file my_file_33.tsv (TSV, C-alpha atoms and all ligand atoms)
chain	number	residue	atom	x	y	z
H	3	MET	CA	-106.63	16.47	-100.88
H	4	TYR	CA	-106.02	18.26	-97.61
H	5	GLN	CA	-106.04	17.68	-93.88
H	6	ASP	CA	-108.02	19.30	-91.09
H	7	LEU	CA	-106.44	21.85	-88.82
H	8	VAL	CA	-105.78	20.61	-85.29
H	9	GLN	CA	-106.47	22.94	-82.36
H	10	LEU	CA	-103.60	23.50	-79.90
H	11	ALA	CA	-105.16	26.26	-77.76
H	12	ASP	CA	-107.81	28.98	-78.13
H	13	ASN	CA	-107.09	30.68	-81.49
H	14	ILE	CA	-104.05	28.48	-82.17
H	15	TRP	CA	-104.17	25.79	-84.82
H	16	LEU	CA	-101.81	23.42	-86.55
H	17	TYR	CA	-101.88	22.13	-90.12
H	18	PRO	CA	-99.93	18.97	-89.29
H	19	ARG	CA	-96.70	17.84	-90.90
H	20	ASP	CA	-96.44	14.74	-93.06
H	21	ASP	CA	-94.83	12.09	-90.86
H	22	ASN	CA	-92.91	10.75	-93.84
H	23	LEU	CA	-89.76	12.86	-93.44
H	24	GLU	CA	-88.80	12.34	-97.08
H	25	VAL	CA	-91.87	14.34	-98.09
H	26	GLU	CA	-90.53	17.33	-96.11
H	27	GLN	CA	-93.97	18.79	-95.52
H	28	PRO	CA	-93.60	20.74	-92.28
H	29	ASN	CA	-96.03	21.81	-89.57
H	30	ILE	CA	-97.79	25.08	-90.37
H	31	GLY	CA	-99.14	27.26	-87.56
H	32	ALA	CA	-102.31	29.31	-87.83
H	33	VAL	CA	-103.37	31.98	-85.36
H	34	ILE	CA	-107.04	32.53	-86.14
H	35	LEU	CA	-108.49	35.73	-84.70
H	36	ASP	CA	-111.87	37.45	-85.20
H	37	ASP	CA	-110.72	39.56	-88.16
H	38	ALA	CA	-107.39	38.15	-89.28
H	39	THR	CA	-105.44	34.96	-89.67
H	40	ILE	CA	-101.68	34.79	-89.16
H	41	LEU	CA	-99.77	31.89	-90.70
H	42	ILE	CA	-96.43	30.62	-89.47
H	43	ASP	CA	-94.65	29.22	-92.52
H	44	ALA	CA	-96.06	28.91	-96.00
H	45	GLY	CA	-95.81	25.24	-96.88
H	46	ASN	CA	-93.35	23.40	-99.12
H	47	SER	CA	-95.14	24.02	-102.42
H	48	PRO	CA	-98.13	25.75	-103.96
H	49	ARG	CA	-99.97	22.43	-103.60
H	50	HIS	CA	-99.29	22.26	-99.85
H	51	ALA	CA	-100.32	25.92	-99.46
H	52	ARG	CA	-103.58	25.35	-101.34
H	53	GLY	CA	-104.35	22.51	-98.91
H	54	ILE	CA	-103.81	24.90	-96.00
H	55	MET	CA	-106.05	27.51	-97.63
H	56	SER	CA	-108.79	24.89	-98.16
H	57	ALA	CA	-108.61	23.87	-94.50
H	58	LEU	CA	-108.84	27.55	-93.44
H	59	ALA	CA	-111.80	28.10	-95.79
H	60	ASP	CA	-113.62	25.11	-94.25
H	61	MET	CA	-113.37	26.87	-90.88
H	62	ASN	CA	-114.48	30.22	-92.32
H	63	ALA	CA	-111.20	31.66	-91.06
H	64	PRO	CA	-110.70	35.37	-91.82
H	65	PRO	CA	-108.19	36.38	-94.52
H	66	VAL	CA	-104.48	35.73	-93.99
H	67	ASP	CA	-103.08	39.17	-93.11
H	68	TYR	CA	-99.63	38.08	-91.96
H	69	LEU	CA	-97.33	35.28	-93.04
H	70	ILE	CA	-94.17	34.59	-91.03
H	71	TYR	CA	-91.26	32.59	-92.44
H	72	THR	CA	-89.38	30.81	-89.63
H	73	HIS	CA	-86.36	30.49	-91.97
H	74	HIS	CA	-85.56	30.47	-95.67
H	75	HIS	CA	-85.57	26.72	-96.36
H	76	TRP	CA	-87.72	25.75	-99.35
H	77	ASP	CA	-90.06	23.49	-97.39
H	78	HIS	CA	-91.14	26.52	-95.31
H	79	THR	CA	-91.30	29.15	-98.06
H	80	PHE	CA	-92.12	27.65	-101.47
H	81	GLY	CA	-95.87	27.74	-100.83
H	82	GLY	CA	-95.70	31.52	-100.36
H	83	MET	CA	-96.96	32.52	-103.81
H	84	VAL	CA	-100.43	31.11	-103.07
H	85	TYR	CA	-101.21	33.73	-100.41
H	86	SER	CA	-102.18	37.26	-101.43
H	87	VAL	CA	-101.06	38.50	-98.06
H	88	PRO	CA	-100.19	42.15	-97.31
H	89	TYR	CA	-97.41	41.43	-94.82
H	90	ILE	CA	-94.71	38.77	-94.82
H	91	ILE	CA	-92.33	38.82	-91.86
H	92	ALA	CA	-88.88	37.19	-91.79
H	93	HIS	CA	-85.36	37.73	-90.53
H	94	LYS	CA	-83.31	40.07	-92.74
H	95	ASP	CA	-80.96	37.25	-93.77
H	96	CYS	CA	-83.96	35.18	-94.83
H	97	ALA	CA	-84.97	38.06	-97.13
H	98	THR	CA	-81.44	38.25	-98.56
H	99	ILE	CA	-81.35	34.53	-99.35
H	100	LEU	CA	-84.88	34.55	-100.79
H	101	ALA	CA	-83.87	37.50	-103.01
H	102	GLU	CA	-81.20	35.19	-104.48
H	103	TYR	CA	-83.78	32.44	-104.90
H	104	GLU	CA	-86.05	34.93	-106.62
H	105	LYS	CA	-83.43	35.53	-109.33
H	106	LYS	CA	-83.15	31.83	-110.14
H	107	THR	CA	-85.07	30.18	-112.91
H	108	TRP	CA	-86.82	27.39	-111.07
H	109	SER	CA	-87.52	24.30	-113.14
H	110	ALA	CA	-87.14	20.54	-112.90
H	111	SER	CA	-84.22	20.60	-115.37
H	112	HIS	CA	-82.44	23.32	-113.39
H	113	LEU	CA	-82.78	21.34	-110.15
H	114	ARG	CA	-81.45	18.20	-111.84
H	115	GLU	CA	-78.49	20.10	-113.30
H	116	GLU	CA	-77.77	21.68	-109.91
H	117	MET	CA	-77.56	18.33	-108.10
H	118	TYR	CA	-75.45	16.91	-110.90
H	119	GLN	CA	-72.96	19.75	-110.29
H	120	ASN	CA	-73.24	19.48	-106.49
H	121	PRO	CA	-74.15	15.94	-105.34
H	122	SER	CA	-74.71	17.13	-101.73
H	123	LEU	CA	-77.91	18.76	-103.02
H	124	LYS	CA	-79.33	15.45	-104.23
H	125	GLY	CA	-81.62	14.77	-101.25
H	126	ARG	CA	-82.89	18.34	-101.09
H	127	ASN	CA	-83.47	18.73	-104.81
H	128	ASN	CA	-85.20	15.37	-105.19
H	129	SER	CA	-87.54	16.35	-102.35
H	130	ILE	CA	-88.29	19.67	-104.06
H	131	LEU	CA	-88.97	17.83	-107.32
H	132	SER	CA	-91.53	15.58	-105.65
H	133	ALA	CA	-93.19	18.49	-103.82
H	134	VAL	CA	-93.45	20.83	-106.82
H	135	SER	CA	-94.66	19.14	-109.98
H	136	ASP	CA	-95.51	22.24	-112.01
H	137	TRP	CA	-93.09	25.17	-112.15
H	138	ARG	CA	-95.16	27.36	-114.47
H	139	GLY	CA	-95.70	30.71	-112.80
H	140	PHE	CA	-93.67	29.71	-109.74
H	141	ARG	CA	-92.35	32.65	-107.75
H	142	ILE	CA	-90.98	33.42	-104.33
H	143	ASN	CA	-93.28	35.61	-102.23
H	144	MET	CA	-90.78	38.01	-100.70
H	145	PRO	CA	-90.80	39.28	-97.09
H	146	THR	CA	-92.18	42.80	-96.71
H	147	ILE	CA	-91.12	43.28	-93.06
H	148	THR	CA	-87.69	42.13	-91.91
H	149	ILE	CA	-86.36	41.88	-88.38
H	150	THR	CA	-82.82	41.79	-87.04
H	151	SER	CA	-83.51	40.82	-83.45
H	152	HIS	CA	-87.10	41.06	-82.19
H	153	LEU	CA	-90.55	42.25	-83.17
H	154	SER	CA	-93.75	42.13	-81.13
H	155	LEU	CA	-96.91	42.08	-83.19
H	156	TYR	CA	-100.05	43.16	-81.34
H	157	ILE	CA	-103.14	42.07	-83.20
H	158	GLY	CA	-106.69	41.14	-82.19
H	159	GLY	CA	-105.85	41.01	-78.47
H	160	MET	CA	-102.92	38.68	-79.07
H	161	THR	CA	-99.19	39.33	-78.82
H	162	LEU	CA	-96.83	37.52	-81.16
H	163	ASP	CA	-93.23	37.77	-79.99
H	164	ILE	CA	-90.99	37.12	-82.98
H	165	SER	CA	-87.32	36.65	-82.07
H	166	HIS	CA	-84.19	35.76	-83.98
H	167	VAL	CA	-82.46	32.65	-82.57
H	168	GLY	CA	-80.11	31.61	-85.39
H	169	GLY	CA	-78.38	28.30	-84.81
H	170	ARG	CA	-76.61	25.75	-86.95
H	171	HIS	CA	-79.68	24.60	-88.87
H	172	ALA	CA	-80.18	28.02	-90.50
H	173	SER	CA	-78.63	31.29	-89.30
H	174	ASP	CA	-81.85	33.20	-90.11
H	175	SER	CA	-84.07	31.08	-87.83
H	176	ILE	CA	-86.67	32.90	-85.79
H	177	VAL	CA	-89.17	31.68	-83.20
H	178	VAL	CA	-92.73	32.92	-82.78
H	179	GLY	CA	-94.27	32.92	-79.31
H	180	ILE	CA	-97.96	33.62	-78.79
H	181	ARG	CA	-97.68	35.30	-75.39
H	182	GLU	CA	-101.29	34.94	-74.20
H	183	ARG	CA	-101.43	31.24	-75.11
H	184	LYS	CA	-97.90	30.14	-74.15
H	185	VAL	CA	-97.47	28.32	-77.45
H	186	ALA	CA	-94.26	28.84	-79.47
H	187	PHE	CA	-93.55	27.90	-83.07
H	188	ILE	CA	-89.80	27.32	-83.32
H	189	GLY	CA	-89.30	26.05	-86.88
H	190	ASP	CA	-86.26	23.86	-87.40
H	191	CYS	CA	-83.79	25.78	-85.21
H	192	LEU	CA	-82.92	22.83	-82.95
H	193	TYR	CA	-82.30	20.42	-85.81
H	194	ALA	CA	-79.00	19.38	-87.32
H	195	PRO	CA	-77.78	21.39	-90.28
H	196	PRO	CA	-78.80	20.25	-93.77
H	197	VAL	CA	-76.15	18.05	-95.42
H	198	HIS	CA	-75.44	20.68	-98.09
H	199	SER	CA	-74.70	23.49	-95.61
H	200	THR	CA	-71.17	24.86	-95.32
H	201	ASP	CA	-68.86	24.44	-92.29
H	202	GLU	CA	-69.23	28.15	-91.60
H	203	GLU	CA	-73.04	27.91	-91.53
H	204	GLN	CA	-72.86	25.01	-89.11
H	205	THR	CA	-71.04	27.01	-86.43
H	206	VAL	CA	-73.67	29.75	-86.00
H	207	PRO	CA	-74.61	29.68	-82.29
H	208	ILE	CA	-78.21	29.50	-81.13
H	209	LYS	CA	-79.42	32.30	-78.83
H	210	GLY	CA	-80.27	30.44	-75.64
H	211	LYS	CA	-81.53	33.65	-74.04
H	212	VAL	CA	-84.55	33.67	-76.32
H	213	PHE	CA	-85.56	30.22	-75.11
H	214	ASN	CA	-84.82	31.04	-71.48
H	215	ARG	CA	-87.21	33.98	-71.74
H	216	LEU	CA	-89.93	31.69	-73.10
H	217	PHE	CA	-89.36	29.21	-70.26
H	218	ASP	CA	-89.42	32.06	-67.71
H	219	GLU	CA	-92.72	33.29	-69.16
H	220	GLY	CA	-94.20	29.82	-68.68
H	221	TYR	CA	-94.39	28.61	-72.28
H	222	GLU	CA	-95.47	24.98	-72.25
H	223	THR	CA	-96.10	23.94	-75.88
H	224	PHE	CA	-93.44	24.12	-78.58
H	225	ILE	CA	-94.03	23.31	-82.24
H	226	GLU	CA	-91.06	22.33	-84.35
H	227	GLY	CA	-91.08	22.11	-88.12
H	228	HIS	CA	-91.16	18.36	-88.44
H	229	SER	CA	-92.16	16.68	-85.20
H	230	LYS	CA	-95.15	16.31	-82.92
H	231	PRO	CA	-95.86	19.14	-80.43
H	232	LEU	CA	-93.31	19.13	-77.61
H	233	LYS	CA	-93.32	20.27	-73.99
H	234	SER	CA	-90.84	22.71	-72.47
H	235	LYS	CA	-88.90	19.93	-70.77
H	236	ASP	CA	-88.30	18.28	-74.19
H	237	ILE	CA	-86.98	21.56	-75.54
H	238	GLN	CA	-84.73	22.15	-72.53
H	239	LEU	CA	-83.26	18.71	-73.13
H	240	ALA	CA	-82.73	19.38	-76.85
H	241	LEU	CA	-81.04	22.69	-76.05
H	242	LYS	CA	-78.44	21.05	-73.83
H	243	GLY	CA	-75.25	20.81	-75.80
H	244	LEU	CA	-76.41	23.45	-78.30
H	245	ILE	CA	-75.95	26.35	-75.90
H	246	LYS	CA	-72.77	27.68	-74.38
H	247	SER	CA	-73.22	28.96	-70.82
H	248	ASP	CA	-72.65	32.59	-71.85
H	249	ASP	CA	-75.10	32.64	-74.81
H	301	ZN	ZN	-85.08	23.88	-92.29
call {"tool": "encode", "arguments": {"input": "my_file_33.tsv", "output": "structure tokens", "more": "lines below"}}
Ligand SMILES: [Zn+2]
result
Amino acid sequence: MYQDLVQLADNIWLYPRDDNLEVEQPNIGAVILDDATILIDAGNSPRHARGIMSALADMNAPPVDYLIYTHHHWDHTFGGMVYSVPYIIAHKDCATILAEYEKKTWSASHLREEMYQNPSLKGRNNSILSAVSDWRGFRINMPTITITSHLSLYIGGMTLDISHVGGRHASDSIVVGIRERKVAFIGDCLYAPPVHSTDEEQTVPIKGKVFNRLFDEGYETFIEGHSKPLKSKDIQLALKGLIKSDD
């Protein structure tokens, strides 16, 4: 079973999140051009990713040429293996963490053992267990292009500005702005840190300059990982308190 894509602007589509937050099935962005499709985030599982692929096929969307991970969290990356995509873009720290994930033997028994050893992982691991029911052949689809600060991707008359913002939710968070459409996909970067994150991870500052540039350029629509599309004024409000004046 899968959902329909929802149009946000010319060429810009959304495969909507599941509103039940326990399911942890985030928003997925799709930039659908004449000859290529670009996906922003992979889905929380092979099942979720296959739903996205079915929705794209219904629209006769061109092949997925680029996949962008907004950050390393499982609900944004564990669908990656479904896409035979030539380019996967992520922050360099996302690639480092996913390389560690890649070495792990993923299975239901491993996840249960892990949360037994570390009870703070209980919520996360139970959500993974409900999202991924079959671990046979599971693998992480690794980034092929990593960024440290910024990358502009020019493709099919569209400019995707990909910028590292960091922040307490995940230090590897990036945002993706589609310059000609003034729509930005910002992942989870404004959210609270996951309960299992360390004190050190929770103090990583968010780069307010990146957002200020988007506001200056007139971006109006912002898509977070797990909520309905927001306007710039909502984002400016959310940023208050997260940004120091000199960031
Ligand atoms: Zn996250």
call {"tool": "residues_around", "arguments": {"input": "my_file_33.tsv", "residues": "Leu58 (chain H)", "least_positions_apart": "5", "cutoff": "12 Å", "atoms": "all atoms listed in the file", "output": "JSON, numbers by chain"}}
result
{"H": [4, 5, 6, 7, 8, 15, 16, 17, 30, 31, 32, 33, 34, 35, 38, 39, 40, 41, 51, 52, 53, 63, 64, 65, 66]}
call {"tool": "residues_near_ligand", "arguments": {"input": "my_file_33.tsv", "ligand": "ligand ZN 301 (chain H)", "cutoff": "12 Å", "atoms": "all atoms listed in the file", "output": "ChimeraX atom specification"}}
result
/H:26-29,43,45-46,71-79,96,126,168-176,188-199,226-228
call {"tool": "write_last_selection", "arguments": {"input": "my_file_33.tsv", "atoms": "C-alpha atoms", "output": "PDB file, in the frame of the given file"}}
result
ATOM      1  CA  GLU H  26     -90.530  17.330 -96.110  1.00  0.00           C
ATOM      2  CA  GLN H  27     -93.970  18.790 -95.520  1.00  0.00           C
ATOM      3  CA  PRO H  28     -93.600  20.740 -92.280  1.00  0.00           C
ATOM      4  CA  ASN H  29     -96.030  21.810 -89.570  1.00  0.00           C
ATOM      5  CA  ASP H  43     -94.650  29.220 -92.520  1.00  0.00           C
ATOM      6  CA  GLY H  45     -95.810  25.240 -96.880  1.00  0.00           C
ATOM      7  CA  ASN H  46     -93.350  23.400 -99.120  1.00  0.00           C
ATOM      8  CA  TYR H  71     -91.260  32.590 -92.440  1.00  0.00           C
ATOM      9  CA  THR H  72     -89.380  30.810 -89.630  1.00  0.00           C
ATOM     10  CA  HIS H  73     -86.360  30.490 -91.970  1.00  0.00           C
ATOM     11  CA  HIS H  74     -85.560  30.470 -95.670  1.00  0.00           C
ATOM     12  CA  HIS H  75     -85.570  26.720 -96.360  1.00  0.00           C
ATOM     13  CA  TRP H  76     -87.720  25.750 -99.350  1.00  0.00           C
ATOM     14  CA  ASP H  77     -90.060  23.490 -97.390  1.00  0.00           C
ATOM     15  CA  HIS H  78     -91.140  26.520 -95.310  1.00  0.00           C
ATOM     16  CA  THR H  79     -91.300  29.150 -98.060  1.00  0.00           C
ATOM     17  CA  CYS H  96     -83.960  35.180 -94.830  1.00  0.00           C
ATOM     18  CA  ARG H 126     -82.890  18.340-101.090  1.00  0.00           C
ATOM     19  CA  GLY H 168     -80.110  31.610 -85.390  1.00  0.00           C
ATOM     20  CA  GLY H 169     -78.380  28.300 -84.810  1.00  0.00           C
ATOM     21  CA  ARG H 170     -76.610  25.750 -86.950  1.00  0.00           C
ATOM     22  CA  HIS H 171     -79.680  24.600 -88.870  1.00  0.00           C
ATOM     23  CA  ALA H 172     -80.180  28.020 -90.500  1.00  0.00           C
ATOM     24  CA  SER H 173     -78.630  31.290 -89.300  1.00  0.00           C
ATOM     25  CA  ASP H 174     -81.850  33.200 -90.110  1.00  0.00           C
ATOM     26  CA  SER H 175     -84.070  31.080 -87.830  1.00  0.00           C
ATOM     27  CA  ILE H 176     -86.670  32.900 -85.790  1.00  0.00           C
ATOM     28  CA  ILE H 188     -89.800  27.320 -83.320  1.00  0.00           C
ATOM     29  CA  GLY H 189     -89.300  26.050 -86.880  1.00  0.00           C
ATOM     30  CA  ASP H 190     -86.260  23.860 -87.400  1.00  0.00           C
ATOM     31  CA  CYS H 191     -83.790  25.780 -85.210  1.00  0.00           C
ATOM     32  CA  LEU H 192     -82.920  22.830 -82.950  1.00  0.00           C
ATOM     33  CA  TYR H 193     -82.300  20.420 -85.810  1.00  0.00           C
ATOM     34  CA  ALA H 194     -79.000  19.380 -87.320  1.00  0.00           C
ATOM     35  CA  PRO H 195     -77.780  21.390 -90.280  1.00  0.00           C
ATOM     36  CA  PRO H 196     -78.800  20.250 -93.770  1.00  0.00           C
ATOM     37  CA  VAL H 197     -76.150  18.050 -95.420  1.00  0.00           C
ATOM     38  CA  HIS H 198     -75.440  20.680 -98.090  1.00  0.00           C
ATOM     39  CA  SER H 199     -74.700  23.490 -95.610  1.00  0.00           C
ATOM     40  CA  GLU H 226     -91.060  22.330 -84.350  1.00  0.00           C
ATOM     41  CA  GLY H 227     -91.080  22.110 -88.120  1.00  0.00           C
ATOM     42  CA  HIS H 228     -91.160  18.360 -88.440  1.00  0.00           C
TER      43      HIS H 228
END
call {"tool": "residues_around", "arguments": {"input": "my_file_33.tsv", "residues": "Ile90 (chain H)", "least_positions_apart": "3", "cutoff": "8 Å", "atoms": "only C-alpha atoms", "output": "list in words"}}
result
Tyr68, Leu69, Ile70, Tyr71, Val87, Met144, Pro145, Thr146 and Ile147 of chain H
call {"tool": "write_last_selection", "arguments": {"input": "my_file_33.tsv", "atoms": "C-alpha atoms", "output": "PDB file, in the frame of the given file"}}
result
ATOM      1  CA  TYR H  68     -99.630  38.080 -91.960  1.00  0.00           C
ATOM      2  CA  LEU H  69     -97.330  35.280 -93.040  1.00  0.00           C
ATOM      3  CA  ILE H  70     -94.170  34.590 -91.030  1.00  0.00           C
ATOM      4  CA  TYR H  71     -91.260  32.590 -92.440  1.00  0.00           C
ATOM      5  CA  VAL H  87    -101.060  38.500 -98.060  1.00  0.00           C
ATOM      6  CA  MET H 144     -90.780  38.010-100.700  1.00  0.00           C
ATOM      7  CA  PRO H 145     -90.800  39.280 -97.090  1.00  0.00           C
ATOM      8  CA  THR H 146     -92.180  42.800 -96.710  1.00  0.00           C
ATOM      9  CA  ILE H 147     -91.120  43.280 -93.060  1.00  0.00           C
TER      10      ILE H 147
END
call {"tool": "closest_residue", "arguments": {"input": "my_file_33.tsv", "among": "H:Lys230, H:Arg181, H:Lys209, H:Arg114", "to": "Pro18 (chain H)", "atoms": "all atoms listed in the file"}}
result
H:Lys230
call {"tool": "closest_residue", "arguments": {"input": "my_file_33.tsv", "among": "H:Leu239, H:Ile14, H:Ala101, H:Leu232", "to": "Arg141 (chain H)", "atoms": "only C-alpha atoms"}}
result
H:Ala101
call {"tool": "closest_residue", "arguments": {"input": "my_file_33.tsv", "among": "H:Gln204, H:Asn62, H:Gln238, H:Asn22", "to": "Ser129 (chain H)", "atoms": "all atoms listed in the file"}}
result
H:Asn22
call {"tool": "closest_residue", "arguments": {"input": "my_file_33.tsv", "among": "H:Val185, H:Ala44, H:Leu244, H:Met83", "to": "Ala11 (chain H)", "atoms": "all atoms listed in the file"}}
result
H:Val185
call {"tool": "atom_distance", "arguments": {"input": "my_file_33.tsv", "atom1": "CA of Ser86 (chain H)", "atom2": "CA of Ala57 (chain H)"}}
result
16.4 Å
call {"tool": "atom_distance", "arguments": {"input": "my_file_33.tsv", "atom1": "CA of Ser229 (chain H)", "atom2": "CA of Glu24 (chain H)"}}
result
13.1 Å
call {"tool": "atom_distance", "arguments": {"input": "my_file_33.tsv", "atom1": "CA of Phe217 (chain H)", "atom2": "CA of Ser234 (chain H)"}}
result
7.0 Å
